[in-house]
>>> print(open('data-v1.cif').read())   # mmCIF, C-alpha atoms
data_structure
#
loop_
_atom_site.label_atom_id
_atom_site.label_comp_id
_atom_site.auth_asym_id
_atom_site.auth_seq_id
_atom_site.Cartn_x
_atom_site.Cartn_y
_atom_site.Cartn_z
CA MET A 238 0.00 0.00 0.00
CA PRO A 239 1.86 3.15 -1.20
CA TYR A 240 2.04 5.85 1.44
CA THR A 241 5.15 7.38 -0.11
CA VAL A 242 5.85 8.93 -3.48
CA ALA A 243 8.74 6.52 -4.07
CA ALA A 244 6.53 3.47 -3.54
CA SER A 245 3.83 4.98 -5.74
CA PHE A 246 6.24 5.52 -8.61
CA ASP A 247 7.47 1.93 -8.32
CA LYS A 248 3.89 0.65 -8.52
CA PHE A 249 3.09 3.05 -11.37
CA ARG A 250 6.03 1.72 -13.33
CA GLU A 251 4.82 -1.85 -12.85
CA ASN A 252 1.32 -0.84 -13.98
CA ILE A 253 2.37 0.60 -17.33
CA GLU A 254 5.41 -1.43 -18.39
CA LEU A 255 5.25 -4.21 -20.90
CA SER A 256 6.80 -7.07 -18.97
CA GLY A 257 9.16 -9.64 -20.45
CA ASP A 258 11.60 -9.77 -23.33
CA HIS A 259 9.70 -9.70 -26.62
CA ARG A 260 12.66 -9.65 -29.01
CA GLU A 261 11.92 -13.22 -30.11
CA THR A 262 8.36 -12.22 -30.99
CA ALA A 263 9.67 -9.20 -32.87
CA ASN A 264 12.07 -11.34 -34.88
CA LYS A 265 9.36 -13.85 -35.71
CA ARG A 266 7.13 -11.04 -36.95
CA ARG A 267 10.00 -9.79 -39.10
CA ASP A 268 10.51 -13.25 -40.60
CA SER A 269 6.77 -13.54 -41.33
CA ILE A 270 6.75 -10.17 -43.10
CA VAL A 271 9.77 -11.14 -45.21
CA SER A 272 8.08 -14.42 -46.14
CA LEU A 273 4.91 -12.61 -47.23
CA LEU A 274 6.58 -9.80 -49.17
CA SER A 275 9.49 -11.69 -50.76
CA LYS A 276 7.05 -13.15 -53.30
CA THR A 277 6.61 -9.65 -54.72
CA PHE A 278 9.68 -7.65 -53.70
CA ASP A 279 13.44 -8.02 -53.78
CA ILE A 280 14.21 -7.45 -50.08
CA VAL A 281 17.74 -6.33 -49.22
CA GLU A 282 17.27 -6.39 -45.44
CA ALA A 283 14.53 -6.38 -42.82
CA PHE A 284 14.73 -5.58 -39.12
CA PRO A 285 12.31 -4.88 -36.24
CA SER A 286 12.24 -1.43 -34.70
CA GLY A 287 10.01 0.71 -32.48
CA SER A 288 9.36 0.70 -28.77
CA ILE A 289 9.33 -3.09 -28.24
CA PRO A 290 12.96 -3.82 -29.22
CA ARG A 291 14.04 -0.51 -27.61
CA TYR A 292 12.39 -1.49 -24.29
CA THR A 293 10.31 1.70 -24.16
CA ALA A 294 6.97 0.01 -24.86
CA LEU A 295 3.84 0.50 -22.79
CA ARG A 296 1.41 -2.18 -21.75
CA ASP A 297 -1.63 -2.09 -24.09
CA TYR A 298 0.10 0.44 -26.35
CA ALA A 299 3.10 -1.53 -27.62
CA ASP A 300 3.99 -1.09 -31.26
CA LEU A 301 6.30 -2.96 -33.59
CA ASP A 302 7.77 -1.49 -36.74
CA VAL A 303 9.44 -3.72 -39.28
CA PHE A 304 11.70 -1.83 -41.66
CA VAL A 305 11.82 -3.58 -45.02
CA VAL A 306 14.70 -2.39 -47.18
CA LEU A 307 13.65 -2.78 -50.80
CA HIS A 308 15.87 -2.95 -53.87
CA TYR A 309 16.09 0.69 -54.87
CA THR A 310 16.13 0.35 -58.68
CA GLN A 311 13.35 -2.22 -58.82
CA HIS A 312 10.93 -0.81 -56.27
CA ILE A 313 11.81 2.75 -55.17
CA LYS A 314 13.44 4.70 -58.01
CA ASP A 315 11.14 7.29 -59.65
CA ARG A 316 8.24 6.22 -57.43
CA LYS A 317 6.32 8.35 -54.95
CA PRO A 318 5.99 7.15 -51.35
CA SER A 319 2.26 6.62 -51.86
CA GLN A 320 2.96 4.35 -54.83
CA VAL A 321 5.36 2.23 -52.82
CA LEU A 322 2.96 1.90 -49.88
CA LYS A 323 0.17 0.97 -52.28
CA ALA A 324 2.38 -1.72 -53.77
CA VAL A 325 2.98 -3.14 -50.28
CA ARG A 326 -0.76 -3.11 -49.53
CA ASP A 327 -1.48 -4.80 -52.87
CA ALA A 328 1.03 -7.53 -52.01
CA LEU A 329 -0.89 -8.11 -48.77
CA ALA A 330 -4.35 -8.05 -50.37
CA ASP A 331 -5.33 -11.27 -48.58
CA TYR A 332 -4.85 -9.62 -45.18
CA THR A 333 -6.37 -6.71 -43.28
CA THR A 334 -4.19 -3.64 -43.75
CA SER A 335 -4.32 0.12 -43.37
CA VAL A 336 -1.96 3.06 -43.81
CA ARG A 337 -0.64 4.47 -40.53
CA ARG A 338 -1.88 7.95 -39.72
CA ASN A 339 1.54 9.56 -40.25
CA GLY A 340 1.62 8.09 -43.75
CA GLN A 341 4.88 6.23 -43.22
CA ALA A 342 3.83 2.59 -42.95
CA VAL A 343 1.32 -0.09 -43.81
CA THR A 344 -0.24 -1.64 -40.72
CA LEU A 345 -0.77 -5.38 -40.99
CA LYS A 346 -3.46 -6.59 -38.59
CA LEU A 347 -2.67 -10.00 -37.13
CA ARG A 348 -4.77 -12.35 -35.03
CA THR A 349 -2.30 -12.25 -32.16
CA TRP A 350 -0.38 -9.38 -30.57
CA PRO A 351 1.36 -7.36 -31.85
CA SER A 352 0.19 -6.12 -35.22
CA VAL A 353 2.99 -4.77 -37.39
CA ASP A 354 3.68 -1.44 -39.07
CA ILE A 355 5.61 -2.27 -42.23
CA VAL A 356 7.92 0.57 -43.27
CA PRO A 357 9.22 0.10 -46.84
CA VAL A 358 12.51 1.95 -47.25
CA SER A 359 15.64 2.24 -49.36
CA PHE A 360 19.07 3.14 -48.04
CA THR A 361 21.62 5.78 -48.95
CA PRO A 362 25.22 4.51 -48.79
CA ASP A 363 28.17 6.38 -47.37
CA ALA A 364 31.60 6.60 -49.03
CA SER A 365 32.47 3.06 -47.94
CA GLY A 366 29.21 1.57 -49.20
CA SER A 367 27.72 1.10 -45.73
CA VAL A 368 24.32 2.49 -44.77
CA ALA A 369 24.47 6.24 -44.14
CA HIS A 370 20.73 6.40 -43.54
CA TYR A 371 17.44 4.91 -44.64
CA ASN A 372 14.78 6.76 -46.64
CA VAL A 373 11.35 6.54 -45.03
CA PRO A 374 8.16 7.27 -47.01
CA ASP A 375 5.92 10.16 -46.05
CA THR A 376 2.75 9.87 -48.11
CA ASN A 377 1.27 13.00 -46.54
CA GLU A 378 3.98 15.19 -48.08
CA GLU A 379 5.07 12.73 -50.81
CA VAL A 380 8.71 12.93 -49.75
CA TRP A 381 11.35 10.47 -48.55
CA ILE A 382 12.60 11.26 -45.04
CA PRO A 383 16.16 10.36 -44.00
CA SER A 384 16.22 8.26 -40.83
CA ASN A 385 18.27 5.60 -39.11
CA PRO A 386 16.32 3.67 -36.47
CA LYS A 387 19.34 1.49 -35.72
CA THR A 388 21.38 4.54 -34.75
CA HIS A 389 18.50 5.86 -32.66
CA SER A 390 18.24 2.55 -30.80
CA GLU A 391 21.96 2.75 -30.11
CA ASP A 392 21.52 6.32 -28.81
CA MET A 393 18.77 5.18 -26.44
CA SER A 394 20.85 2.24 -25.18
CA THR A 395 23.90 4.46 -24.69
CA ALA A 396 21.83 6.96 -22.70
CA ASN A 397 20.40 4.17 -20.56
CA LEU A 398 23.90 2.92 -19.77
CA ALA A 399 25.18 6.42 -19.04
CA TYR A 400 22.23 7.74 -17.02
CA GLY A 401 20.95 4.51 -15.44
CA THR A 402 17.86 2.38 -16.00
CA VAL A 403 15.70 5.22 -14.69
CA PHE A 404 16.20 6.89 -18.10
CA LYS A 405 14.05 4.48 -20.13
CA ARG A 406 11.58 4.16 -17.28
CA ILE A 407 11.02 7.92 -17.35
CA VAL A 408 10.60 7.77 -21.14
CA LYS A 409 7.82 5.23 -20.63
CA MET A 410 6.19 7.39 -17.96
CA ILE A 411 6.20 10.39 -20.30
CA LYS A 412 4.73 8.28 -23.07
CA TRP A 413 1.97 7.25 -20.68
CA TRP A 414 1.34 10.89 -19.78
CA ASN A 415 1.10 11.63 -23.50
CA HIS A 416 -1.52 8.89 -23.96
CA GLN A 417 -3.53 10.33 -21.09
CA HIS A 418 -3.45 13.85 -22.56
CA SER A 419 -4.58 13.49 -26.18
CA SER A 420 -1.38 11.97 -27.65
CA TYR A 421 -0.19 15.08 -29.42
CA LEU A 422 3.44 13.89 -29.37
CA GLN A 423 4.81 10.96 -31.34
CA SER A 424 6.74 8.28 -29.47
CA TYR A 425 9.98 8.99 -31.35
CA HIS A 426 9.62 12.72 -30.55
CA ILE A 427 9.39 11.97 -26.83
CA GLU A 428 12.47 9.77 -26.98
CA VAL A 429 14.47 12.48 -28.76
CA MET A 430 13.28 15.08 -26.25
CA SER A 431 14.59 12.82 -23.49
CA LEU A 432 17.95 12.51 -25.23
CA HIS A 433 18.12 16.31 -25.43
CA THR A 434 17.05 16.76 -21.79
CA PHE A 435 19.24 14.50 -19.69
CA SER A 436 23.03 14.51 -19.44
CA SER A 437 23.87 12.84 -16.12
CA THR A 438 22.88 9.93 -13.90
CA LEU A 439 19.17 9.85 -13.03
CA SER A 440 17.97 8.46 -9.73
CA GLU A 441 14.88 10.34 -8.50
CA TYR A 442 11.66 9.94 -10.47
CA PRO A 443 9.87 13.10 -9.18
CA TRP A 444 12.72 15.50 -9.94
CA ASN A 445 13.73 13.83 -13.20
CA VAL A 446 10.14 13.82 -14.49
CA TYR A 447 9.90 17.51 -13.66
CA GLN A 448 13.19 18.07 -15.52
CA PHE A 449 11.67 16.50 -18.63
CA PHE A 450 8.55 18.66 -18.56
CA ASN A 451 10.62 21.77 -17.90
CA SER A 452 12.92 21.02 -20.83
CA ALA A 453 10.10 19.95 -23.14
CA CYS A 454 8.33 23.28 -22.67
CA THR A 455 11.33 24.86 -24.40
CA LEU A 456 12.04 22.10 -26.92
CA ILE A 457 8.46 22.21 -28.22
CA LEU A 458 8.69 25.89 -29.14
CA GLY A 459 10.86 25.52 -32.25
CA ASN A 460 12.01 22.90 -34.71
CA LEU A 461 13.83 20.09 -32.91
CA TRP A 462 16.68 18.76 -35.02
CA HIS A 463 18.28 15.42 -34.27
CA ARG A 464 20.85 13.65 -36.44
CA TYR A 465 18.97 13.34 -39.74
CA GLY A 466 16.43 16.12 -39.66
CA ASN A 467 13.46 17.79 -38.03
CA VAL A 468 11.80 15.56 -35.43
CA ASP A 469 8.60 17.57 -34.87
CA GLY A 470 7.67 18.54 -38.43
CA TYR A 471 4.47 16.49 -38.09
CA LEU A 472 3.01 18.99 -35.60
CA THR A 473 0.54 21.52 -36.95
CA PRO A 474 0.61 24.97 -35.30
CA THR A 475 -2.57 24.08 -33.42
CA ALA A 476 -1.22 20.72 -32.23
CA ARG A 477 2.05 22.33 -31.14
CA ALA A 478 0.15 24.94 -29.12
CA GLU A 479 -2.05 22.29 -27.50
CA ALA A 480 0.97 20.15 -26.64
CA LEU A 481 2.70 23.16 -25.09
CA THR A 482 -0.37 23.93 -22.97
CA ARG A 483 -0.41 20.38 -21.61
CA LEU A 484 3.34 20.39 -21.00
CA LYS A 485 3.10 23.63 -19.04
CA VAL A 486 0.33 22.22 -16.84
CA ALA A 487 2.33 19.04 -16.23
CA LYS A 488 5.46 21.07 -15.45
CA LYS A 489 3.63 23.17 -12.83
CA LYS A 490 2.02 20.15 -11.16
CA ALA A 491 5.26 18.14 -11.22
CA LEU A 492 7.15 20.98 -9.53
CA ASP A 493 4.41 21.35 -6.90
CA ALA A 494 4.42 17.58 -6.32
CA TRP A 495 8.20 17.48 -5.97
CA TRP A 496 8.18 20.45 -3.58
CA ALA A 497 5.49 18.81 -1.41
CA THR A 498 8.00 16.15 -0.30
CA CYS A 499 11.22 18.15 -0.62
CA PRO A 500 12.78 18.35 2.90
CA PRO A 501 11.64 19.61 5.27
CA ASN A 502 8.25 19.04 3.58
CA SER A 503 6.78 15.54 3.76
CA ASP A 504 3.24 15.78 2.41
CA HIS A 505 3.18 12.55 0.43
CA GLU A 506 -0.60 12.50 0.22
CA LYS A 507 -0.64 15.86 -1.57
CA ALA A 508 2.23 14.86 -3.85
CA ILE A 509 0.63 11.55 -4.82
CA GLY A 510 -2.62 13.36 -5.60
CA LEU A 511 -0.79 15.71 -7.95
CA TRP A 512 1.07 12.88 -9.66
CA ARG A 513 -2.26 11.13 -10.24
CA GLN A 514 -3.54 14.30 -11.92
CA ILE A 515 -0.52 14.14 -14.24
CA PHE A 516 -0.46 10.40 -14.97
CA GLY A 517 -4.02 9.26 -14.39
CA ASP A 518 -5.47 6.20 -12.69
CA LYS A 519 -2.48 3.92 -13.29
CA PHE A 520 -0.63 6.01 -10.71
CA PRO A 521 -1.84 4.47 -7.43
CA PRO A 522 -3.75 6.66 -4.97
CA TYR A 523 -2.39 7.40 -1.53
CA GLY A 524 -2.76 4.40 0.78
CA SER A 525 -4.35 2.14 -1.83
#
>>> encode(input="data-v1.cif", output="structure tokens")
Amino acid sequence: MPYTVAASFDKFRENIELSGDHRETANKRRDSIVSLLSKTFDIVEAFPSGSIPRYTALRDYADLDVFVVLHYTQHIKDRKPSQVLKAVRDALADYTTSVRRNGQAVTLKLRTWPSVDIVPVSFTPDASGSVAHYNVPDTNEEVWIPSNPKTHSEDMSTANLAYGTVFKRIVKMIKWWNHQHSSYLQSYHIEVMSLHTFSSTLSEYPWNVYQFFNSACTLILGNLWHRYGNVDGYLTPTARAEALTRLKVAKKKALDAWWATCPPNSDHEKAIGLWRQIFGDKFPPYGS
């Protein structure tokens, strides 16, 4: 029964985390996608990505991307992103599919968890012939976006090693907050914000969560660039303003909650009440 903020955060983390190691499932999904699409496409490479293999997935909200690297000359050259995604959907005509809202993937609905977002890409080589970056389709703007999910996963793992396991746990908590407050921010955007926020060992959930909200209120104001381009270009002016409003509210409540138990203060009941306003019902009430 949590009577302290520390115990409440531990229980909250248990309530939202996707338990277990699901890399085997992710790899099996990748192999299934390759088997389905190889009848139509010349596939150079395929690999799972997203929150499941990066260990930032939420219970009930876990997603799995499978990047399918297609032969550029045969399937990508001189074609618009929408044409490539349509070709993928046509190849999966016997299955239930849809185009993801951001226009970057085809979602394949499966009978068992998780369904898969298939991202058809090509790659741009560097001087040595290795992958410099992948080119992700954006059917909303009909452009190819440079990205490298492998590098991003490495960045997240490096940060977790440098700052402690609290880092990815806080990322998951912020993602949960986002789900509870209209989901204006994309998962990748939140992860990049976290990379731009923290720079030392993390150990105290209340203060570190406040640090994120405080930093995010600034990062949301302008274009956030990270490695290969603009991370928040998907936000409309209205969505950016709404996200900022929610971040400011969360920042104020997080600071008040932290202060409520900052020595010599010890009002854990007040603090827990404020954290529940931020995170919702998965954050356990005082004494429950």
>>> resolve_selection(input="data-v1.cif", expression="the PyMOL selection byres ((chain A and resi 253-269) around 9)", output="VMD selection string")
chain A and resid 248 to 252 270 to 274 283 to 286 289 to 290 292 to 299 301 to 305 351 to 353 406 409 to 410 413 519
>>> closest_residue(input="data-v1.cif", among="A:Val321, A:Asp518, A:Tyr523, A:Ile407", to="Glu506 in chain A", atoms="all atoms listed in the file")
A:Tyr523
>>> atom_distance(input="data-v1.cif", atom1="CA of Ser245 in chain A", atom2="CA of Ser503 in chain A")
14.5 Å
>>> resolve_selection(input="data-v1.cif", expression="the PyMOL selection byres ((chain A and resi 325-339) around 9)", output="PDB file with C-alpha atoms, in the coordinates of the input")
ATOM      1  CA  LEU A 273       4.910 -12.610 -47.230  1.00  0.00           C
ATOM      2  CA  LEU A 274       6.580  -9.800 -49.170  1.00  0.00           C
ATOM      3  CA  LYS A 276       7.050 -13.150 -53.300  1.00  0.00           C
ATOM      4  CA  THR A 277       6.610  -9.650 -54.720  1.00  0.00           C
ATOM      5  CA  PHE A 278       9.680  -7.650 -53.700  1.00  0.00           C
ATOM      6  CA  GLN A 320       2.960   4.350 -54.830  1.00  0.00           C
ATOM      7  CA  VAL A 321       5.360   2.230 -52.820  1.00  0.00           C
ATOM      8  CA  LEU A 322       2.960   1.900 -49.880  1.00  0.00           C
ATOM      9  CA  LYS A 323       0.170   0.970 -52.280  1.00  0.00           C
ATOM     10  CA  ALA A 324       2.380  -1.720 -53.770  1.00  0.00           C
ATOM     11  CA  GLY A 340       1.620   8.090 -43.750  1.00  0.00           C
ATOM     12  CA  GLN A 341       4.880   6.230 -43.220  1.00  0.00           C
ATOM     13  CA  ALA A 342       3.830   2.590 -42.950  1.00  0.00           C
ATOM     14  CA  VAL A 343       1.320  -0.090 -43.810  1.00  0.00           C
ATOM     15  CA  THR A 344      -0.240  -1.640 -40.720  1.00  0.00           C
ATOM     16  CA  LEU A 345      -0.770  -5.380 -40.990  1.00  0.00           C
ATOM     17  CA  LYS A 346      -3.460  -6.590 -38.590  1.00  0.00           C
ATOM     18  CA  LEU A 347      -2.670 -10.000 -37.130  1.00  0.00           C
ATOM     19  CA  ASP A 354       3.680  -1.440 -39.070  1.00  0.00           C
ATOM     20  CA  ILE A 355       5.610  -2.270 -42.230  1.00  0.00           C
ATOM     21  CA  PRO A 357       9.220   0.100 -46.840  1.00  0.00           C
ATOM     22  CA  ASP A 375       5.920  10.160 -46.050  1.00  0.00           C
ATOM     23  CA  THR A 376       2.750   9.870 -48.110  1.00  0.00           C
ATOM     24  CA  ASN A 377       1.270  13.000 -46.540  1.00  0.00           C
ATOM     25  CA  TYR A 471       4.470  16.490 -38.090  1.00  0.00           C
TER      26      TYR A 471
END
>>> resolve_selection(input="data-v1.cif", expression="the PyMOL selection byres ((chain A and resi 417-423) around 9)", output="mmCIF file with C-alpha atoms, in the frame of the given file")
data_model
loop_
_atom_site.group_PDB
_atom_site.id
_atom_site.type_symbol
_atom_site.label_atom_id
_atom_site.label_comp_id
_atom_site.auth_asym_id
_atom_site.auth_seq_id
_atom_site.Cartn_x
_atom_site.Cartn_y
_atom_site.Cartn_z
ATOM 1 C CA LYS A 412 4.730 8.280 -23.070
ATOM 2 C CA TRP A 413 1.970 7.250 -20.680
ATOM 3 C CA TRP A 414 1.340 10.890 -19.780
ATOM 4 C CA ASN A 415 1.100 11.630 -23.500
ATOM 5 C CA HIS A 416 -1.520 8.890 -23.960
ATOM 6 C CA SER A 424 6.740 8.280 -29.470
ATOM 7 C CA TYR A 425 9.980 8.990 -31.350
ATOM 8 C CA HIS A 426 9.620 12.720 -30.550
ATOM 9 C CA ILE A 427 9.390 11.970 -26.830
ATOM 10 C CA GLU A 428 12.470 9.770 -26.980
ATOM 11 C CA ASP A 469 8.600 17.570 -34.870
ATOM 12 C CA TYR A 471 4.470 16.490 -38.090
ATOM 13 C CA LEU A 472 3.010 18.990 -35.600
ATOM 14 C CA ALA A 476 -1.220 20.720 -32.230
ATOM 15 C CA ARG A 477 2.050 22.330 -31.140
ATOM 16 C CA GLU A 479 -2.050 22.290 -27.500
ATOM 17 C CA ALA A 480 0.970 20.150 -26.640
ATOM 18 C CA ARG A 483 -0.410 20.380 -21.610
ATOM 19 C CA ILE A 515 -0.520 14.140 -14.240
ATOM 20 C CA PHE A 516 -0.460 10.400 -14.970
ATOM 21 C CA GLY A 517 -4.020 9.260 -14.390
#
>>> closest_residue(input="data-v1.cif", among="A:Asn451, A:Ser394, A:Ser525, A:Asn460", to="Leu432 in chain A", atoms="all atoms listed in the file")
A:Ser394
>>> closest_residue(input="data-v1.cif", among="A:Leu439, A:Leu511, A:Ile457, A:Ala399", to="Thr482 in chain A", atoms="only C-alpha atoms")
A:Ile457
>>> atom_distance(input="data-v1.cif", atom1="CA of Leu307 in chain A", atom2="CA of Val368 in chain A")
13.3 Å
>>> residues_around(input="data-v1.cif", residues="Val380 in chain A", least_positions_apart="6", cutoff="9 Å", atoms="all atoms listed in the file", output="PDB file with C-alpha atoms, in the frame of the given file")
ATOM      1  CA  LYS A 317       6.320   8.350 -54.950  1.00  0.00           C
ATOM      2  CA  PRO A 318       5.990   7.150 -51.350  1.00  0.00           C
ATOM      3  CA  VAL A 373      11.350   6.540 -45.030  1.00  0.00           C
ATOM      4  CA  PRO A 374       8.160   7.270 -47.010  1.00  0.00           C
TER       5      PRO A 374
END
>>> closest_residue(input="data-v1.cif", among="A:Asn445, A:Thr310, A:Thr349, A:Thr361", to="Val408 in chain A", atoms="all atoms listed in the file")
A:Asn445
>>> closest_atom_pairs(input="data-v1.cif", of="range 453-487 of chain A", to="range 382-387 of chain A", cutoff="9 Å", atoms="only C-alpha atoms", output="CSV")
residue,atom,partner,partner_atom,distance
A:Arg464,CA,A:Ser384,CA,8.4
A:Tyr465,CA,A:Ser384,CA,5.9
A:Gly466,CA,A:Pro383,CA,7.2
>>> build_atoms(input="data-v1.cif", residues="range 334-348 of chain A", atoms="N, CA and C atoms", output="JSON list (two decimals), in the coordinates of the input")
[["chain", "number", "residue", "atom", "x", "y", "z"],
["A", 334, "THR", "N", -5.25, -4.64, -43.84],
["A", 334, "THR", "CA", -4.19, -3.64, -43.75],
["A", 334, "THR", "C", -4.79, -2.24, -43.73],
["A", 335, "SER", "N", -3.97, -1.29, -43.32],
["A", 335, "SER", "CA", -4.32, 0.12, -43.37],
["A", 335, "SER", "C", -3.03, 0.92, -43.44],
["A", 336, "VAL", "N", -3.12, 2.19, -43.81],
["A", 336, "VAL", "CA", -1.96, 3.06, -43.81],
["A", 336, "VAL", "C", -1.92, 3.81, -42.49],
["A", 337, "ARG", "N", -0.78, 3.78, -41.81],
["A", 337, "ARG", "CA", -0.64, 4.47, -40.53],
["A", 337, "ARG", "C", -0.91, 5.95, -40.70],
["A", 338, "ARG", "N", -1.42, 6.56, -39.65],
["A", 338, "ARG", "CA", -1.88, 7.95, -39.72],
["A", 338, "ARG", "C", -0.79, 8.90, -40.20],
["A", 339, "ASN", "N", 0.47, 8.65, -39.82],
["A", 339, "ASN", "CA", 1.54, 9.56, -40.25],
["A", 339, "ASN", "C", 1.98, 9.30, -41.69],
["A", 340, "GLY", "N", 1.34, 8.33, -42.35],
["A", 340, "GLY", "CA", 1.62, 8.09, -43.75],
["A", 340, "GLY", "C", 2.96, 7.45, -44.04],
["A", 341, "GLN", "N", 3.54, 6.78, -43.06],
["A", 341, "GLN", "CA", 4.88, 6.23, -43.22],
["A", 341, "GLN", "C", 4.93, 4.71, -43.23],
["A", 342, "ALA", "N", 3.80, 4.05, -43.06],
["A", 342, "ALA", "CA", 3.83, 2.59, -42.95],
["A", 342, "ALA", "C", 2.49, 2.00, -43.31],
["A", 343, "VAL", "N", 2.53, 0.71, -43.62],
["A", 343, "VAL", "CA", 1.32, -0.09, -43.81],
["A", 343, "VAL", "C", 1.16, -0.95, -42.57],
["A", 344, "THR", "N", 0.03, -0.84, -41.91],
["A", 344, "THR", "CA", -0.24, -1.64, -40.72],
["A", 344, "THR", "C", -0.88, -2.96, -41.11],
["A", 345, "LEU", "N", -0.25, -4.05, -40.72],
["A", 345, "LEU", "CA", -0.77, -5.38, -40.99],
["A", 345, "LEU", "C", -1.42, -5.90, -39.71],
["A", 346, "LYS", "N", -2.72, -6.10, -39.75],
["A", 346, "LYS", "CA", -3.46, -6.59, -38.59],
["A", 346, "LYS", "C", -3.31, -8.11, -38.49],
["A", 347, "LEU", "N", -2.86, -8.57, -37.35],
["A", 347, "LEU", "CA", -2.67, -10.00, -37.13],
["A", 347, "LEU", "C", -3.60, -10.49, -36.03],
["A", 348, "ARG", "N", -3.83, -11.79, -36.01],
["A", 348, "ARG", "CA", -4.77, -12.35, -35.03],
["A", 348, "ARG", "C", -4.22, -12.27, -33.61]]
